[in-house]
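Novice: Quick one: the structure is below, and I'll ask about it shortly.
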Amino acid sequence: MLLTKRQTLFLVVICLLASKVQRLPSLISTDLGRHGYFVFLIMGMIDFVMLLLCLGFNKLAGKTTTYELTQKTGGAFYSKLIFLLFAIYFLFNSILPYEAVHDLFGNILFDHLSWPLYSVVLGLTIFFIASKGLKNMGRLAEVFFYIIVLSFLMLLILGASTSNLRLTLPVCDIDGELLVQICFKYNIWFGDFIIIYMFVGKIKQDDGSLGWPVAVAILVATLVLTFAYMVFYGLYQEISGEQNSLISAISQFALLGLDIGRVDWFLVLFFQFAAVISSSTYLLLASKCFLAVFLGEEKASDKADIKRKKLVCFYVVLTLLTALIYFLDIFIFKSNQEGVALMASFTKWLGVAVVFVLPVILLITASVFAKKRKKQEKNLQNRFKNLSFLKNSKKTTKASVLLEKKLRKLEGGEK
Amino acid sequence: MPKNSVKNEILSLFNENADITVRELDIQKKKVFLFFINCLIDSELVSHGIVEPIKEAENCSIDEFEKKIINVGNTKKLAKQDEIVEEVFNASVVIAVEGEEQYLAINTAGFSTRSISEPPTSSVVRGPREGFIEDLETNLSLLRRRLKTPSLSVKRLKVGKRTSTNVALLYLNKVVSPKVVEKLEKNLSSLDIDGIIDSYYLEELLEQSEEKFFKKLGNSEKPDVIAARILEGRVAIVVDGSPIVLTAPFVLFEDMQSPSDYYDIPQRSSFVRVVRLVGLLLAILLPGFYVALQSFHYRVLPINFLISILSSIEGISFPPILEILFVLFLFEILNEASVRMPKQLGMALSIIGALVLGDTAVQAGIITPPSIVVVAISGITLYIIPNQASEASLLRTLFTIVGGFAGFYGMFLGFLILATYLVSVESYGAPYLAPYAPSVATDKKDGFIKAPVGKMLYRPKSFHTLNSVRQQPTNDKHLSVKKSNKEALLESTEKTQNDQKEE
């Protein structure tokens with residue numbers, strides 16, 4: 001078991017916040033203007049519904065991992081196909097926060113920064129963090145979670161103090177068709193709950209529940225993000241599309257009268273921890289998915305030489321993906337606006353497939369798997385009716401021990 | 001057996017060392033030899049407790065000596081000659097009787113040791129003032145006096161081929177994780193080194209990974225601290241010749257705790273712990289932060305402050321990074337000199353260092369007043385957690401360089417890399433950043449916000465102890481223990497009782 005429920009929740013929230021409040025609001029405001037917050041509201045609600053499917057999958061899977069479950073139910077090709085989709089999706093999701101860090105440091109905090117050179121350091125950092133694995137990623141999320149959330153809330157409060165929220169009204173003249181189009185266009189920025197599929201079967205069954213805290217977190221985050229967009233638009237109105245990033249622009253006017261400099265930039269800096277952690281998480285998950293596609297999932301039962309081989313392959317994949325992200329950032333995102341627009345147009349169908357379609361398919365797969373497992377258990381119990389007698393009797397035979405082990409494994413969903 | 005052959009055989013083991021003393025006695029027509037090193041033994045004890053009774057003995061045999069004659073308590077029979085060397089070097093008198101193939105070792109240690117005093121690195125306003133000294137037995141007695149329980153196990157080992165240093169492992173049986181004891185024993189017995197001069201040697205050698213930057217073992221000079229750590233489920237490693245006792249497992253937060261925290265009101269202790277964290281961060285990040293601000297991010301500063309800084313740096317020909325590195329270097333030199341300089345010259349050094357050098361360098365335009373202030377703050381806060389001063393000092397220089405080359409960007413990524421590294425480190429199975437990463441709710445009661453002693457019901461879970469219950473809640477209403485906690489407590493108590501019954 002790699003992650004606790006608390007760590008899972010923190011990672012989901014960090015990934016959820018990381019890239020939505022950077023470039024995205026500015027892009028949406030260019031297309032939708034003052035009604036842009038509806039995109040956050042609608043996509044947030046869709047995420048919430050899809051999350052319920054994901055949690056249902058998690059419950060049915062028990063201790064079985066997503067890869068194992070799909071492989072047992074639909075075969076190796078089926079599981080590899082799903083993991084390939086996940087891998088590409090996570091790879092693109094890793095680029096979004098990476099680009100946000102690029103934008104903040106390369107264009108806002110520094111006057112002149114040779115980004116192709118300095119981006120190498122960022123690339124090495126996300127490689128280093130991702131190489132430490134899921135367990136340490138969870139711990140890192142615990143270290144920075146409160147710093148990130150508090151910084152964001154403080155920036156939002158600072159922004160709200162100078163924003164005119166009435167400028168986001170009225171709502172009745174909204175163009176519904178355009179709204180749907182924009183939701184579709186920028187869907188890759190949403191659906192962060194998908195990472196939970198990669199944690200299924202690896203979460204400690206400790207105290208507390210995973211379901212409702214994640215669901216509440218997504219609902220609260222949706223409302224907060226919607227409010228953040230309203231504050232942002234209330235501040236910049238028609239020129240909000242010109243702003244590079246919501247997070248660095250939202251508190252700009254709040255501290256002017258105090259003459260204490262741009263101390264809010266420290267909060268922006270603290271928030272960027274979310275971007276790097278999120279980028280590293282997605283990079284790690286993408287690497288794991290590619291590895292699963294080519295070599296199958298890592299298992300505790302793997303022999304030492306197979307484990308070593310998979311570890312070497314993991315580092316190779318991680319290096320290649322980091323290099324890919326670096327070059328995409330340097331060449332595609334040379335101009336942030338164009339780069340992000342290009343990416344949005346390229347990934348919109350991928351987003352639909354992974355966020356809207358896959359959860360439904362996976363839930364069906366999980367219910368088939370659960371039924372199969374139940375049937376197997378029943379068959380096994382019928383074949384050995386004397387099991388209860390053997391279990392109760394003080395004399396344990398080798399057969400009864402083996403049988404009990406097999407049943408326990410089946411109950412736990414282990415292979 | 002030829003005359004004096006025993007004597008010669010044994011003497012040959014010592015390579016004819018000049019400091020070996022041999023006392024020859026004729027008892028009942030048999031020769032008795034006493035081997036010892038004069039400077040290590042208590043001569044009066046040897047004279048009254050060993051020599052005089054032997055002279056009056058009616059029977060001359062090792063058994064007779066051990067059971068009836070010798071008036072000293074700590075005796076040990078030796079079957080092999082090889083063991084004699086070790087015993088003699090451990091301040092024992094070894095008796096050999098002509099014609100017998102066994103020997104008797106009697107511990108008569110009488111060398112002078114430092115008296116017990118308050119350790120200079122961890123003095124307290126309130127609380128015990130005793131500190132460990134360089135003698136193992138005295139140190140063990142200091143711990144035994146505090147832990148009067150049969151479950152306190154002491155395992156003795158010898159480490160070092162030439163020094164044969166006595167090392168003792170102390171832990172609470174049925175409390176400590178057996179894996180930790182096993183690992184420590186295995187690591188200690190696998191050491192193949194000439195000698196252990198101080199416990200620091202072991203601190204480095206017992207680290208499990210190749211990486212040696214952050215220490216993986218805790219240490220203290222105070223018996224009350226070590227006793228408390230043993231009670232928490234740690235293993236203490238006492239090394240002969242060292243006043244520093246090591247403990248394992250270690251978590252970084254241990255260094256944020258001070259003995260005085262436990263002898264003060266919890267609110268004050270909590271406040272001081274937060275101050276220590278802020279101090280540590282200031283020590284590491286402040287110079288780099290100042291360099292980054294001056295080099296790249298001056299817009300962050302308030303305009304009035306910026307003007308005053310700009311006016312003070314006017315005429316300085318060095319870039320901020322070189323200036324701060326120079327002041328840091330100067331600080332390190334003064335620090336090193338002040339530690340090693342005779343006390344009488346300390347005042348003169350302060351005057352030269354602070355007044356003459358500092359003031360003149362500012363006037364000469366080599367350094368600026370803000371940079372001195374920054375390094376002074378960093379220098380003071382560096383010693384707010386003395387156990388981490390070495391690591392913090394190096395990190396400070398590293399962050400200064402990073403801040404000078406890459407501004408906030410470099411410091412931001414550097415801090416993230418440091419945090420990632422720290423969360424991945426483990427010390428004998430305990431996560432380095434516990435109880436915060438991973439979060440352990442019960443362990444946080446002795447965290448930044450320190451709970452009253454009555455509320456610390458469990459031992460730290462990060463150490464995977466066999467018995468996690470530290471104390472029973474005395475008054476439910478007063479302690480306001482959560483239901484789930486109570487249940488866990490009852491379960492754990494029952495489990496412990498069952499274990500004890502089984503045993």
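Following the order of the structure tokens, first chain is A, next is B, and so on, with residues numbered from 1 inside each chain and ligands from 1 in the order they appear.
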Could you give me, as a PyMOL selection string, the residues within 9 Å of stretch 226-237 of chain B, counting only C-alpha atoms and dropping anything in the same chain fewer than 5 positions from it?
Specialist: chain B and resi 143-144+146-147+152+167-172+175-177+180-181+184+199+219-221+245-250+458-460+463-468+470
Novice: Just write the chosen residues, N, CA and C atoms, as a tab-separated table (two decimals), in the first residue's frame.
Specialist:
chain	number	residue	atom	x	y	z
B	143	LEU	N	21.25	6.31	33.39
B	143	LEU	CA	20.01	5.88	32.74
B	143	LEU	C	19.24	4.89	33.62
B	144	ARG	N	19.97	3.97	34.23
B	144	ARG	CA	19.33	2.98	35.11
B	144	ARG	C	18.57	3.65	36.25
B	146	ARG	N	17.03	6.28	36.17
B	146	ARG	CA	15.78	6.87	35.68
B	146	ARG	C	14.79	5.81	35.20
B	147	LEU	N	15.30	4.68	34.78
B	147	LEU	CA	14.43	3.63	34.25
B	147	LEU	C	14.55	2.38	35.11
B	152	LEU	N	14.00	-2.91	30.84
B	152	LEU	CA	15.09	-2.16	30.18
B	152	LEU	C	16.24	-3.15	29.89
B	167	VAL	N	30.33	-0.83	23.60
B	167	VAL	CA	29.12	-0.14	23.14
B	167	VAL	C	27.94	-0.85	23.78
B	168	ALA	N	27.01	-0.07	24.31
B	168	ALA	CA	25.83	-0.68	24.93
B	168	ALA	C	24.57	-0.21	24.21
B	169	LEU	N	23.69	-1.18	23.92
B	169	LEU	CA	22.39	-0.85	23.34
B	169	LEU	C	21.35	-0.94	24.45
B	170	LEU	N	20.59	0.10	24.63
B	170	LEU	CA	19.56	0.11	25.67
B	170	LEU	C	18.19	0.29	25.04
B	171	TYR	N	17.26	-0.52	25.44
B	171	TYR	CA	15.89	-0.38	24.92
B	171	TYR	C	14.91	-1.06	25.86
B	172	LEU	N	13.65	-0.73	25.68
B	172	LEU	CA	12.62	-1.36	26.50
B	172	LEU	C	12.13	-2.59	25.78
B	175	VAL	N	8.59	-3.31	23.97
B	175	VAL	CA	8.08	-1.99	23.55
B	175	VAL	C	8.72	-1.63	22.21
B	176	VAL	N	10.00	-1.70	22.17
B	176	VAL	CA	10.73	-1.28	20.96
B	176	VAL	C	10.48	-2.27	19.81
B	177	SER	N	10.55	-1.76	18.60
B	177	SER	CA	10.39	-2.63	17.44
B	177	SER	C	11.61	-3.56	17.34
B	180	VAL	N	14.28	-2.90	14.64
B	180	VAL	CA	15.28	-1.84	14.84
B	180	VAL	C	16.48	-2.39	15.61
B	181	VAL	N	16.19	-3.16	16.68
B	181	VAL	CA	17.28	-3.74	17.48
B	181	VAL	C	18.11	-4.69	16.62
B	184	LEU	N	20.27	-2.76	14.17
B	184	LEU	CA	21.39	-2.09	14.84
B	184	LEU	C	22.47	-3.09	15.23
B	199	SER	N	31.26	8.60	19.68
B	199	SER	CA	29.99	8.07	19.15
B	199	SER	C	29.71	8.59	17.74
B	219	ASN	N	20.88	12.36	18.85
B	219	ASN	CA	21.88	12.33	19.91
B	219	ASN	C	21.54	13.32	21.01
B	220	SER	N	22.06	13.05	22.18
B	220	SER	CA	21.87	13.98	23.30
B	220	SER	C	22.93	13.73	24.35
B	221	GLU	N	23.19	14.76	25.13
B	221	GLU	CA	24.15	14.64	26.23
B	221	GLU	C	23.44	14.49	27.55
B	245	VAL	N	25.18	10.34	23.61
B	245	VAL	CA	24.48	9.07	23.42
B	245	VAL	C	23.59	9.17	22.19
B	246	LEU	N	23.65	8.13	21.36
B	246	LEU	CA	22.88	8.14	20.11
B	246	LEU	C	21.54	7.44	20.31
B	247	THR	N	20.58	7.80	19.50
B	247	THR	CA	19.28	7.12	19.54
B	247	THR	C	18.80	6.83	18.13
B	248	ALA	N	18.10	5.72	17.99
B	248	ALA	CA	17.50	5.35	16.70
B	248	ALA	C	16.12	4.76	16.99
B	249	PRO	N	15.15	4.94	16.13
B	249	PRO	CA	15.14	5.74	14.91
B	249	PRO	C	15.14	7.25	15.22
B	250	PHE	N	15.39	8.03	14.17
B	250	PHE	CA	15.47	9.49	14.31
B	250	PHE	C	14.50	10.15	13.34
B	458	TYR	N	-0.15	7.91	23.61
B	458	TYR	CA	0.53	6.86	22.83
B	458	TYR	C	1.99	7.18	22.56
B	459	ARG	N	2.74	6.13	22.32
B	459	ARG	CA	4.12	6.29	21.86
B	459	ARG	C	4.05	6.66	20.38
B	460	PRO	N	5.11	7.28	19.84
B	460	PRO	CA	5.07	7.65	18.41
B	460	PRO	C	4.82	6.42	17.52
B	463	PHE	N	7.46	4.81	14.96
B	463	PHE	CA	8.53	3.88	15.34
B	463	PHE	C	8.07	2.43	15.36
B	464	HIS	N	6.81	2.21	15.03
B	464	HIS	CA	6.24	0.85	14.96
B	464	HIS	C	6.52	0.05	16.24
B	465	THR	N	6.23	0.64	17.38
B	465	THR	CA	6.51	-0.03	18.65
B	465	THR	C	5.54	-1.19	18.88
B	466	LEU	N	5.96	-2.15	19.69
B	466	LEU	CA	5.10	-3.30	19.97
B	466	LEU	C	3.97	-2.91	20.92
B	467	ASN	N	4.27	-2.02	21.82
B	467	ASN	CA	3.25	-1.56	22.76
B	467	ASN	C	3.14	-0.05	22.59
B	468	SER	N	2.00	0.35	22.04
B	468	SER	CA	1.90	1.78	21.68
B	468	SER	C	1.35	2.64	22.82
B	470	ARG	N	1.30	4.63	26.06
B	470	ARG	CA	2.27	5.29	26.93
B	470	ARG	C	1.68	5.47	28.33
Novice: Show me a table, sorted first by chain and then by increasing residue number, of the residues of chain A having an atom at most 7 Å from chain B, each with its shortest atom pair and the distance in Å to one decimal, counting only C-alpha atoms and written as a tab-separated table.
Specialist:
residue	atom	partner	partner_atom	distance
A:Phe105	CA	B:Tyr409	CA	6.6
A:Phe110	CA	B:Phe296	CA	6.7
A:Thr125	CA	B:Ile417	CA	6.6
A:Ile129	CA	B:Thr420	CA	6.2
A:Lys132	CA	B:Ser424	CA	7.0
A:Asn136	CA	B:Ser424	CA	5.7
A:Arg139	CA	B:Ala437	CA	4.7
A:Leu140	CA	B:Thr420	CA	6.3
A:Glu142	CA	B:Ala437	CA	5.8
A:Val143	CA	B:Ala437	CA	6.1
A:Asp259	CA	B:Pro302	CA	5.8
A:Ile260	CA	B:Pro302	CA	4.4
A:Gly261	CA	B:Pro302	CA	3.8
A:Arg262	CA	B:Val300	CA	4.4
A:Val263	CA	B:Val300	CA	5.9
Novice: Just checking: using only C-alpha atoms, which residue out of A:Ile325, A:Leu91, A:Lys72, A:Lys288 ends up closest to A:Leu311?
Specialist: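 Among the listed residues, the smallest separation from A:Leu311 belongs to A:Lys288.
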Novice: Considering only C-alpha atoms, return as a PyMOL selection string whatever protein or nucleic-acid residues lie within 10 Å of A:Phe83, sequence-local ones (same chain, fewer than 2 positions apart) excluded.
Specialist: chain A and resi 66-67+70+77-81+85-89+198+286+288-293
Novice: Just N, CA and C atoms for this one: save the residues we selected as a PDB file, in the first residue's frame.
Specialist:
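Result saved to selection-v2.pdb:
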ATOM      1  N   THR A  66      -6.362  -1.032 -10.865  1.00  0.00           N
ATOM      2  CA  THR A  66      -7.124  -0.829 -12.104  1.00  0.00           C
ATOM      3  C   THR A  66      -6.582  -1.727 -13.224  1.00  0.00           C
ATOM      4  N   TYR A  67      -5.282  -1.827 -13.301  1.00  0.00           N
ATOM      5  CA  TYR A  67      -4.675  -2.619 -14.376  1.00  0.00           C
ATOM      6  C   TYR A  67      -5.074  -4.098 -14.242  1.00  0.00           C
ATOM      7  N   THR A  70      -8.864  -4.602 -15.039  1.00  0.00           N
ATOM      8  CA  THR A  70      -9.197  -4.570 -16.472  1.00  0.00           C
ATOM      9  C   THR A  70      -8.594  -5.774 -17.195  1.00  0.00           C
ATOM     10  N   PHE A  77      -5.086  -6.960 -23.846  1.00  0.00           N
ATOM     11  CA  PHE A  77      -5.189  -5.897 -24.849  1.00  0.00           C
ATOM     12  C   PHE A  77      -6.078  -4.764 -24.335  1.00  0.00           C
ATOM     13  N   TYR A  78      -7.167  -5.153 -23.725  1.00  0.00           N
ATOM     14  CA  TYR A  78      -8.135  -4.181 -23.184  1.00  0.00           C
ATOM     15  C   TYR A  78      -7.465  -3.279 -22.131  1.00  0.00           C
ATOM     16  N   SER A  79      -6.742  -3.908 -21.213  1.00  0.00           N
ATOM     17  CA  SER A  79      -6.101  -3.114 -20.146  1.00  0.00           C
ATOM     18  C   SER A  79      -5.011  -2.217 -20.721  1.00  0.00           C
ATOM     19  N   LYS A  80      -4.277  -2.746 -21.698  1.00  0.00           N
ATOM     20  CA  LYS A  80      -3.201  -1.932 -22.292  1.00  0.00           C
ATOM     21  C   LYS A  80      -3.774  -0.733 -23.056  1.00  0.00           C
ATOM     22  N   LEU A  81      -4.895  -0.951 -23.709  1.00  0.00           N
ATOM     23  CA  LEU A  81      -5.534   0.145 -24.455  1.00  0.00           C
ATOM     24  C   LEU A  81      -5.976   1.255 -23.507  1.00  0.00           C
ATOM     25  N   LEU A  85      -4.425   5.183 -23.185  1.00  0.00           N
ATOM     26  CA  LEU A  85      -5.224   6.419 -23.157  1.00  0.00           C
ATOM     27  C   LEU A  85      -4.875   7.247 -21.921  1.00  0.00           C
ATOM     28  N   PHE A  86      -4.805   6.556 -20.796  1.00  0.00           N
ATOM     29  CA  PHE A  86      -4.424   7.237 -19.548  1.00  0.00           C
ATOM     30  C   PHE A  86      -3.049   7.887 -19.702  1.00  0.00           C
ATOM     31  N   ALA A  87      -2.109   7.155 -20.271  1.00  0.00           N
ATOM     32  CA  ALA A  87      -0.724   7.640 -20.394  1.00  0.00           C
ATOM     33  C   ALA A  87      -0.670   8.941 -21.191  1.00  0.00           C
ATOM     34  N   ILE A  88      -1.368   8.950 -22.324  1.00  0.00           N
ATOM     35  CA  ILE A  88      -1.338  10.164 -23.176  1.00  0.00           C
ATOM     36  C   ILE A  88      -2.018  11.321 -22.439  1.00  0.00           C
ATOM     37  N   TYR A  89      -3.125  10.993 -21.783  1.00  0.00           N
ATOM     38  CA  TYR A  89      -3.871  12.016 -21.045  1.00  0.00           C
ATOM     39  C   TYR A  89      -3.002  12.627 -19.930  1.00  0.00           C
ATOM     40  N   MET A 198      -5.482   5.534 -10.820  1.00  0.00           N
ATOM     41  CA  MET A 198      -4.119   5.005 -10.688  1.00  0.00           C
ATOM     42  C   MET A 198      -3.788   4.634  -9.236  1.00  0.00           C
ATOM     43  N   ALA A 286       2.064   9.072 -15.943  1.00  0.00           N
ATOM     44  CA  ALA A 286       2.226   8.783 -17.378  1.00  0.00           C
ATOM     45  C   ALA A 286       3.301   7.718 -17.583  1.00  0.00           C
ATOM     46  N   LYS A 288       4.308   5.431 -15.450  1.00  0.00           N
ATOM     47  CA  LYS A 288       3.804   4.145 -14.944  1.00  0.00           C
ATOM     48  C   LYS A 288       2.848   3.519 -15.955  1.00  0.00           C
ATOM     49  N   CYS A 289       2.022   4.368 -16.566  1.00  0.00           N
ATOM     50  CA  CYS A 289       1.044   3.855 -17.540  1.00  0.00           C
ATOM     51  C   CYS A 289       1.763   3.308 -18.772  1.00  0.00           C
ATOM     52  N   PHE A 290       2.749   4.041 -19.274  1.00  0.00           N
ATOM     53  CA  PHE A 290       3.496   3.560 -20.449  1.00  0.00           C
ATOM     54  C   PHE A 290       4.212   2.245 -20.114  1.00  0.00           C
ATOM     55  N   LEU A 291       4.736   2.207 -18.913  1.00  0.00           N
ATOM     56  CA  LEU A 291       5.432   0.997 -18.465  1.00  0.00           C
ATOM     57  C   LEU A 291       4.459  -0.183 -18.413  1.00  0.00           C
ATOM     58  N   ALA A 292       3.252   0.096 -17.912  1.00  0.00           N
ATOM     59  CA  ALA A 292       2.237  -0.968 -17.843  1.00  0.00           C
ATOM     60  C   ALA A 292       1.852  -1.440 -19.243  1.00  0.00           C
ATOM     61  N   VAL A 293       1.818  -0.493 -20.187  1.00  0.00           N
ATOM     62  CA  VAL A 293       1.465  -0.855 -21.569  1.00  0.00           C
ATOM     63  C   VAL A 293       2.526  -1.785 -22.158  1.00  0.00           C
TER      64      VAL A 293
END
Novice: Out of stretch 283-477 of chain B, which residues get alpha helix (DSSP H) from DSSP, as a VMD selection string?
Specialist: chain B and resid 283 to 295 303 to 313 320 to 340 346 to 350 360 to 363 369 to 382 389 to 424 476 to 477
Novice: So which residues touch A:Ile247 within 10 Å, counting only C-alpha atoms, skipping near sequence neighbours fewer than 4 positions away, as a list in words?
Specialist: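 Answer for this query is Ser19, Lys20, Val21, Gln22, Arg23, Pro25, Leu104, Ser151, Phe152, Leu155, Leu156, Gly159, Ala228, Phe232, Gln243, Ser251, Gln252, Trp265, Leu267, Val268, Leu269, Phe271 and Gln272 of chain A.
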Novice: May I have the selected residues written with C-alpha atoms, as a tab-separated table (two decimals), in the first residue's frame?
Specialist:
chain	number	residue	atom	x	y	z
A	19	SER	CA	-3.44	24.65	-13.65
A	20	LYS	CA	-7.01	25.94	-13.54
A	21	VAL	CA	-6.18	29.32	-12.04
A	22	GLN	CA	-3.22	30.14	-14.22
A	23	ARG	CA	-3.64	30.51	-17.99
A	25	PRO	CA	-9.27	31.90	-17.01
A	104	LEU	CA	5.16	32.83	-14.23
A	151	SER	CA	-1.82	31.07	-0.41
A	152	PHE	CA	-4.60	30.64	-2.95
A	155	LEU	CA	-4.75	35.80	-2.97
A	156	LEU	CA	-8.44	35.34	-3.65
A	159	GLY	CA	-8.37	40.11	-5.19
A	228	ALA	CA	-12.01	33.17	-8.60
A	232	PHE	CA	-10.63	38.00	-12.02
A	243	GLN	CA	-3.48	38.81	-18.55
A	251	SER	CA	-3.99	40.59	-6.12
A	252	GLN	CA	-2.20	43.29	-8.11
A	265	TRP	CA	4.18	37.57	-5.09
A	267	LEU	CA	1.88	33.88	-2.14
A	268	VAL	CA	2.03	33.38	-5.90
A	269	LEU	CA	5.36	31.68	-5.45
A	271	PHE	CA	1.06	28.51	-4.99
A	272	GLN	CA	3.48	27.42	-7.70
Novice: Do a neighbour search on stretch 39-49 of chain B at 12 Å with only C-alpha atoms, toss out local chain neighbours closer than 6 positions, and write the hits as a VMD selection string.
Specialist: chain B and resid 19 to 21 23 55 to 56 65 to 66 68 to 75 87 to 95 105 to 113
Novice: By how many Å are atom CA of A:Thr4 and atom CA of A:Tyr315 apart?
Specialist: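 So the answer is 24.9 Å.
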Novice: Could you please write out, as a PyMOL selection string, every residue of stretch 128-251 of chain B that DSSP assigns to strand (DSSP E or B)?
Specialist: chain B and resi 152-159+165-172+218-220+235-239+245-248
Novice: Write a file of the just-selected residues containing C-alpha atoms, as an mmCIF file, in the first residue's frame.
Specialist:
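Done, and the output landed in result-v9.cif:
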data_model
loop_
_atom_site.group_PDB
_atom_site.id
_atom_site.type_symbol
_atom_site.label_atom_id
_atom_site.label_comp_id
_atom_site.auth_asym_id
_atom_site.auth_seq_id
_atom_site.Cartn_x
_atom_site.Cartn_y
_atom_site.Cartn_z
ATOM 1 C CA LEU B 152 15.095 -2.162 30.183
ATOM 2 C CA SER B 153 17.447 -4.401 28.231
ATOM 3 C CA VAL B 154 21.147 -3.678 27.947
ATOM 4 C CA LYS B 155 23.134 -5.418 25.235
ATOM 5 C CA ARG B 156 26.885 -4.999 25.269
ATOM 6 C CA LEU B 157 29.059 -5.194 22.189
ATOM 7 C CA LYS B 158 32.643 -4.464 21.325
ATOM 8 C CA VAL B 159 33.432 -2.410 18.274
ATOM 9 C CA THR B 165 35.330 0.051 22.398
ATOM 10 C CA ASN B 166 32.485 -0.998 24.638
ATOM 11 C CA VAL B 167 29.121 -0.141 23.142
ATOM 12 C CA ALA B 168 25.827 -0.680 24.931
ATOM 13 C CA LEU B 169 22.387 -0.855 23.342
ATOM 14 C CA LEU B 170 19.557 0.108 25.671
ATOM 15 C CA TYR B 171 15.892 -0.384 24.923
ATOM 16 C CA LEU B 172 12.619 -1.356 26.496
ATOM 17 C CA GLY B 218 19.519 11.321 17.126
ATOM 18 C CA ASN B 219 21.881 12.330 19.912
ATOM 19 C CA SER B 220 21.865 13.977 23.295
ATOM 20 C CA VAL B 235 17.049 2.350 21.099
ATOM 21 C CA ALA B 236 19.899 4.205 22.828
ATOM 22 C CA ILE B 237 23.487 3.540 21.820
ATOM 23 C CA VAL B 238 25.990 4.384 24.566
ATOM 24 C CA VAL B 239 29.631 4.408 23.510
ATOM 25 C CA VAL B 245 24.483 9.067 23.422
ATOM 26 C CA LEU B 246 22.883 8.137 20.113
ATOM 27 C CA THR B 247 19.276 7.116 19.536
ATOM 28 C CA ALA B 248 17.496 5.349 16.700
#
Novice: Please provide as a ChimeraX atom specification all residues within 6 Å of stretch 200-215 of chain A, with the sequence filter that same-chain residues fewer than 4 positions apart are discarded (counting only C-alpha atoms).
Specialist: /A:1-5,9,58,63-65
Novice: Find the residues around A:Trp349 up to 9 Å (only C-alpha atoms counted), leave out those fewer than 4 positions away in its own chain, and share them as a ChimeraX atom specification.
Specialist: /A:184-185,187-188,345,353-354
Novice: Please, could you write that set of residues out with N, CA and C atoms as a short mmCIF file (atom, residue, chain, number, x, y, z; two decimals), in the first residue's frame?
Specialist:
data_model
loop_
_atom_site.label_atom_id
_atom_site.label_comp_id
_atom_site.auth_asym_id
_atom_site.auth_seq_id
_atom_site.Cartn_x
_atom_site.Cartn_y
_atom_site.Cartn_z
N PHE A 184 -16.21 22.15 -24.15
CA PHE A 184 -15.63 21.04 -24.91
C PHE A 184 -14.16 21.34 -25.24
N LYS A 185 -13.92 22.59 -25.63
CA LYS A 185 -12.59 22.99 -26.08
C LYS A 185 -11.54 22.85 -24.96
N ASN A 187 -11.67 21.04 -22.13
CA ASN A 187 -11.96 19.97 -21.16
C ASN A 187 -10.69 19.30 -20.62
N ILE A 188 -9.56 19.42 -21.31
CA ILE A 188 -8.32 18.78 -20.83
C ILE A 188 -7.87 19.37 -19.48
N SER A 345 -6.93 22.41 -28.86
CA SER A 345 -7.60 21.86 -30.05
C SER A 345 -7.17 20.41 -30.30
N ALA A 353 -12.77 11.39 -24.26
CA ALA A 353 -12.64 9.93 -24.15
C ALA A 353 -12.26 9.52 -22.73
N VAL A 354 -11.30 10.24 -22.14
CA VAL A 354 -10.79 9.81 -20.82
C VAL A 354 -11.71 10.25 -19.68
#
Novice: Rounded to one decimal in Å, what is the spacing between atom CA of A:Leu165 and atom CA of A:Arg34?
Specialist: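 Taking atom CA of A:Leu165 as the start and atom CA of A:Arg34 as the end point, the length is 10.0 Å.
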Novice: Quick one: pull the distance between atom CA of A:Ser163 and atom CA of A:Val231, Å, one decimal.
Specialist: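 Atom CA of A:Val231 lies 5.6 Å from atom CA of A:Ser163.
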Novice: Kindly indicate which residue among A:Ser240, A:Thr8, A:Gln381, A:Asp329 lies nearest to A:Leu117, using only C-alpha atoms for the distances.
Specialist: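 Between A:Ser240, A:Thr8, A:Gln381, A:Asp329, the residue approaching A:Leu117 most closely is A:Asp329.
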Novice: Quick one: of A:Asn107, A:Ser119, A:Thr73, A:Ser287, who's nearest to A:Arg373, counting only C-alpha atoms?
Specialist: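 Counting only C-alpha atoms, the residue closest to A:Arg373 is A:Thr73.
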